[in-house]
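Quick notes on the structure that follows.
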Amino acid sequence: MMHTEPDITSKKDWDIIIQPKTKWFDLHLADLLCYRDLTMLFVWRDFVSTYKQTILGPLWHLITPLITTVIFTIIFNRIADIPTDGLPPFLFYMCGLTAWNYFADCLNRTSGTFITNAYIFGKVYFPRLTVPFSVVLSNLFKFIIQFALFIGFMLYFGLRGSSVHPNLLMLLTPYLLALMAALGLGAGIIVSSLTIRYRDLQVLVGFGVQLLMYATPIVYPLSAIPPKYRWLVLMNPMTSVIETFRYAFLGNGIFNILYLFYSTGATLLILFLGILLFNHVEKTFMDTV
C-alpha cells in the first residue's frame, strides 16, 4: 500500500506577516478588501454610537437641514438679497447643503482618526485605513436621508410650477458622490496625520470647513461671481461638484466638463497624498499620540 504525503501547497496560506513598512509607496490597499468585514463592523459601531440614547435618532438628519435651509433663505435671500439664478431659494440652498453636508461630515469625522482611535490602534493589528473608510460608508446613511428629503421638496416645487428642470446629468450622481467621498476622505486623513504633531489643527478644522463652505457656491451661484475672480472659486474642487449637482437636479447652474475634470484630478491627487501620508505616519504615531 503506497503512502502519499499531503499536498500542503494546495492549501491556502492564511498566515499574515506583520512587519514595518519601510517604503513610502508600500500602501497595502488590498488589505481593505481582505478586512471588509471589519470595515462593516466599524460602520455598525458608528451607527450605534451616533443614535444610542437619542429620542429622535435619524430624524435629526431631517430636522437639521430643514432648519439650516430656512435660516439661509431668510438671511441670504430675504435680507442679503443674494440671487439664486431664478430658482426657488429654499430649493437652491437645500440642494447645495445636501451635497456639502456629506463632504463636510466625511472630512470632519476622518480628521480625528488617529486621536479618537488610539486605544484600538495600540492593541491589535488591522489596516488603519478601514476606520476612516468606514466613516465614509456610514455617512452614506445620512446622505440618503437628506437626499430623499431634497427630492421630495424638488417634486413639490416642480408640481407647483416652479422653474425646476431635472435632466440626464442626474445619472452622474454616483460619480459626484464618489468625488465628495474621496475628497472628504483624502483631506480628512491628511489632517488626521498632521494632528499627531500639531494638535491645534483639531480646533481649526471645524472652523476651516465653515470658511470653505463660503468659498463654495452654496449660498450663492457661481454666476454671481465676477468672471475675473471666478477662477479663485473654481480652484476649490467642490465648486464644480456642487454646480454640477445643482444643474443636474434643478436645471440651473454652470456645468462645464473641464471644471469637472479638474475636480476629479485634484480629488485623486489629494486622496493619493492623504493615503501616502496616513500610511507613513501610521508606523510611528503611537510614539507621539
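Chain labels follow the order of the C-alpha cells: the first chain is A, the next B, and so on; residue numbering restarts at 1 in every chain, and ligands are counted from 1 in their shown order.
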
Non-local contacts of stretch 248-264 of chain A (9 Å; only C-alpha atoms; under 5 positions in same chain excluded) as a PyMOL selection string: chain A and resi 85-87+91-92+95+151+154+163-173+179+221-223+234-241+243+269

Would you output that residue set with C-alpha atoms, as a JSON list (two decimals), in the first residue's frame?
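This is the output file again-v4.json:
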```json
[["chain", "number", "residue", "atom", "x", "y", "z"],
["A", 85, "ASP", "CA", -30.42, 82.13, -10.64],
["A", 86, "GLY", "CA", -34.21, 82.12, -10.81],
["A", 87, "LEU", "CA", -34.55, 79.00, -8.67],
["A", 91, "LEU", "CA", -34.64, 74.55, -3.05],
["A", 92, "PHE", "CA", -31.42, 76.28, -4.13],
["A", 95, "CYS", "CA", -29.58, 71.32, -2.98],
["A", 151, "ILE", "CA", -36.02, 65.00, -3.86],
["A", 154, "MET", "CA", -37.93, 69.17, -5.61],
["A", 163, "SER", "CA", -38.67, 76.62, -12.66],
["A", 164, "VAL", "CA", -37.15, 73.22, -11.89],
["A", 165, "HIS", "CA", -35.82, 71.12, -14.78],
["A", 166, "PRO", "CA", -34.08, 67.84, -13.86],
["A", 167, "ASN", "CA", -32.06, 66.34, -16.70],
["A", 168, "LEU", "CA", -29.99, 63.32, -17.69],
["A", 169, "LEU", "CA", -26.99, 64.62, -15.77],
["A", 170, "MET", "CA", -28.69, 63.09, -12.73],
["A", 171, "LEU", "CA", -27.02, 59.87, -13.89],
["A", 172, "LEU", "CA", -23.75, 61.44, -12.72],
["A", 173, "THR", "CA", -24.94, 61.35, -9.10],
["A", 179, "LEU", "CA", -15.85, 62.62, -5.66],
["A", 221, "PRO", "CA", -24.48, 80.78, -7.54],
["A", 222, "LEU", "CA", -21.19, 80.66, -9.38],
["A", 223, "SER", "CA", -22.67, 83.03, -11.96],
["A", 234, "LEU", "CA", -13.09, 77.26, -9.19],
["A", 235, "MET", "CA", -9.79, 76.34, -7.54],
["A", 236, "ASN", "CA", -11.93, 74.72, -4.85],
["A", 237, "PRO", "CA", -12.58, 71.15, -6.13],
["A", 238, "MET", "CA", -16.04, 71.15, -4.53],
["A", 239, "THR", "CA", -17.19, 74.10, -6.65],
["A", 240, "SER", "CA", -17.80, 72.18, -9.87],
["A", 241, "VAL", "CA", -19.23, 69.23, -7.90],
["A", 243, "GLU", "CA", -22.64, 73.29, -9.53],
["A", 269, "LEU", "CA", -4.24, 63.91, -6.00]]
```

Would you pick out the contacts of A:Phe76 at 10 Å or less, using only C-alpha atoms, so that residues sharing its chain but fewer than 4 positions from it are not included, and give the list as a PyMOL selection string? chain A and resi 71-72+80-84+89+93+219-220

Output file for the residues above (C-alpha atoms, as a compact mmCIF listing (two decimals), in the first residue's frame):
```
# COMPACT_ATOMS: atom_id res chain seq x y z
CA ILE A 71 -32.14 80.21 8.09
CA PHE A 72 -30.18 80.50 4.84
CA ALA A 80 -28.91 89.99 1.90
CA ASP A 81 -30.88 89.64 -1.37
CA ILE A 82 -28.36 87.26 -2.92
CA PRO A 83 -29.70 85.91 -6.26
CA THR A 84 -30.39 82.21 -6.81
CA PRO A 89 -34.36 79.99 -2.77
CA TYR A 93 -29.94 76.20 -0.63
CA VAL A 219 -25.31 80.33 -0.56
CA TYR A 220 -24.64 82.00 -3.91
```

Can you measure atom CA of A:Val70 to atom CA of A:Val136 for me? One decimal in Å is fine. 27.1 Å

Report, in Å to a single decimal, how far apart atom CA of A:Tyr156 and atom CA of A:Ile67 are. 18.0 Å

Of the candidates A:Asn77, A:Thr64, A:Thr98, A:Asn108, which shows the shortest atom-to-atom distance to A:Gly206, using only C-alpha atoms?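 The shortest atom-to-atom distance to A:Gly206 comes from A:Asn108.
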
To one decimal place, how far is atom CA of A:Asp105 from atom CA of A:Gly184 in Å?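 Atom CA of A:Gly184 lies 7.8 Å from atom CA of A:Asp105.
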
Step one, run DSSP on the backbone; step two, keep only residues of stretch 95-191 of chain A assigned to helix (DSSP H, G or I); then write them as a VMD selection string. chain A and resid 95 to 110 113 to 116 118 to 121 130 to 159 168 to 191

Could you write out that same residue set with C-alpha atoms as a tab-separated table (two decimals), in the first residue's frame?
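What follows is the written file part-v4.tsv:
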```tsv
chain	number	residue	atom	x	y	z
A	95	CYS	CA	-29.58	71.32	-2.98
A	96	GLY	CA	-26.19	72.78	-2.11
A	97	LEU	CA	-26.39	71.75	1.54
A	98	THR	CA	-27.32	68.15	0.69
A	99	ALA	CA	-24.10	67.66	-1.27
A	100	TRP	CA	-21.94	69.81	1.01
A	101	ASN	CA	-23.01	68.09	4.25
A	102	TYR	CA	-21.80	64.70	3.04
A	103	PHE	CA	-18.37	66.06	2.12
A	104	ALA	CA	-18.07	68.08	5.34
A	105	ASP	CA	-19.11	65.13	7.53
A	106	CYS	CA	-16.54	62.88	5.87
A	107	LEU	CA	-13.80	65.47	6.35
A	108	ASN	CA	-14.68	66.33	9.95
A	109	ARG	CA	-15.04	62.77	11.19
A	110	THR	CA	-11.99	61.33	9.44
A	113	THR	CA	-8.93	59.16	13.12
A	114	PHE	CA	-5.62	58.71	14.96
A	115	ILE	CA	-6.58	60.65	18.08
A	116	THR	CA	-10.02	59.11	18.65
A	118	ALA	CA	-5.56	55.45	19.55
A	119	TYR	CA	-6.86	53.00	22.16
A	120	ILE	CA	-7.67	50.49	19.39
A	121	PHE	CA	-4.64	51.10	17.21
A	130	THR	CA	-10.51	50.70	7.48
A	131	VAL	CA	-11.50	53.24	10.16
A	132	PRO	CA	-11.74	56.41	8.01
A	133	PHE	CA	-13.13	54.34	5.13
A	134	SER	CA	-15.92	53.08	7.40
A	135	VAL	CA	-16.75	56.70	8.29
A	136	VAL	CA	-17.27	57.48	4.60
A	137	LEU	CA	-19.63	54.50	4.31
A	138	SER	CA	-21.59	55.25	7.48
A	139	ASN	CA	-22.13	58.84	6.37
A	140	LEU	CA	-23.92	57.49	3.29
A	141	PHE	CA	-26.91	56.70	5.51
A	142	LYS	CA	-27.22	60.36	6.49
A	143	PHE	CA	-26.78	61.47	2.88
A	144	ILE	CA	-29.52	59.11	1.66
A	145	ILE	CA	-31.97	60.56	4.19
A	146	GLN	CA	-31.17	64.16	3.27
A	147	PHE	CA	-31.12	63.36	-0.44
A	148	ALA	CA	-34.61	61.80	-0.17
A	149	LEU	CA	-35.78	64.96	1.63
A	150	PHE	CA	-34.36	67.12	-1.14
A	151	ILE	CA	-36.02	65.00	-3.86
A	152	GLY	CA	-39.34	65.33	-2.04
A	153	PHE	CA	-39.12	69.13	-1.99
A	154	MET	CA	-37.93	69.17	-5.61
A	155	LEU	CA	-41.06	67.26	-6.67
A	156	TYR	CA	-43.23	69.55	-4.54
A	157	PHE	CA	-41.85	72.73	-6.10
A	158	GLY	CA	-41.98	71.16	-9.56
A	159	LEU	CA	-45.67	70.28	-9.19
A	168	LEU	CA	-29.99	63.32	-17.69
A	169	LEU	CA	-26.99	64.62	-15.77
A	170	MET	CA	-28.69	63.09	-12.73
A	171	LEU	CA	-27.02	59.87	-13.89
A	172	LEU	CA	-23.75	61.44	-12.72
A	173	THR	CA	-24.94	61.35	-9.10
A	174	PRO	CA	-22.91	58.23	-8.13
A	175	TYR	CA	-19.83	59.80	-9.70
A	176	LEU	CA	-20.36	63.10	-7.87
A	177	LEU	CA	-20.96	61.20	-4.65
A	178	ALA	CA	-17.68	59.31	-5.15
A	179	LEU	CA	-15.85	62.62	-5.66
A	180	MET	CA	-17.33	64.06	-2.45
A	181	ALA	CA	-16.40	60.92	-0.51
A	182	ALA	CA	-12.86	60.73	-1.92
A	183	LEU	CA	-12.19	64.43	-1.37
A	184	GLY	CA	-13.53	64.33	2.19
A	185	LEU	CA	-11.56	61.16	2.93
A	186	GLY	CA	-8.33	62.47	1.42
A	187	ALA	CA	-8.47	65.85	3.13
A	188	GLY	CA	-9.58	64.27	6.41
A	189	ILE	CA	-6.76	61.75	6.67
A	190	ILE	CA	-4.22	64.43	5.77
A	191	VAL	CA	-5.47	66.49	8.72
```

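Nearest to A:Arg246 of all the residues A:Ile225, A:Ile218, A:Met213, A:Leu277 is A:Ile218, based on only C-alpha atoms.
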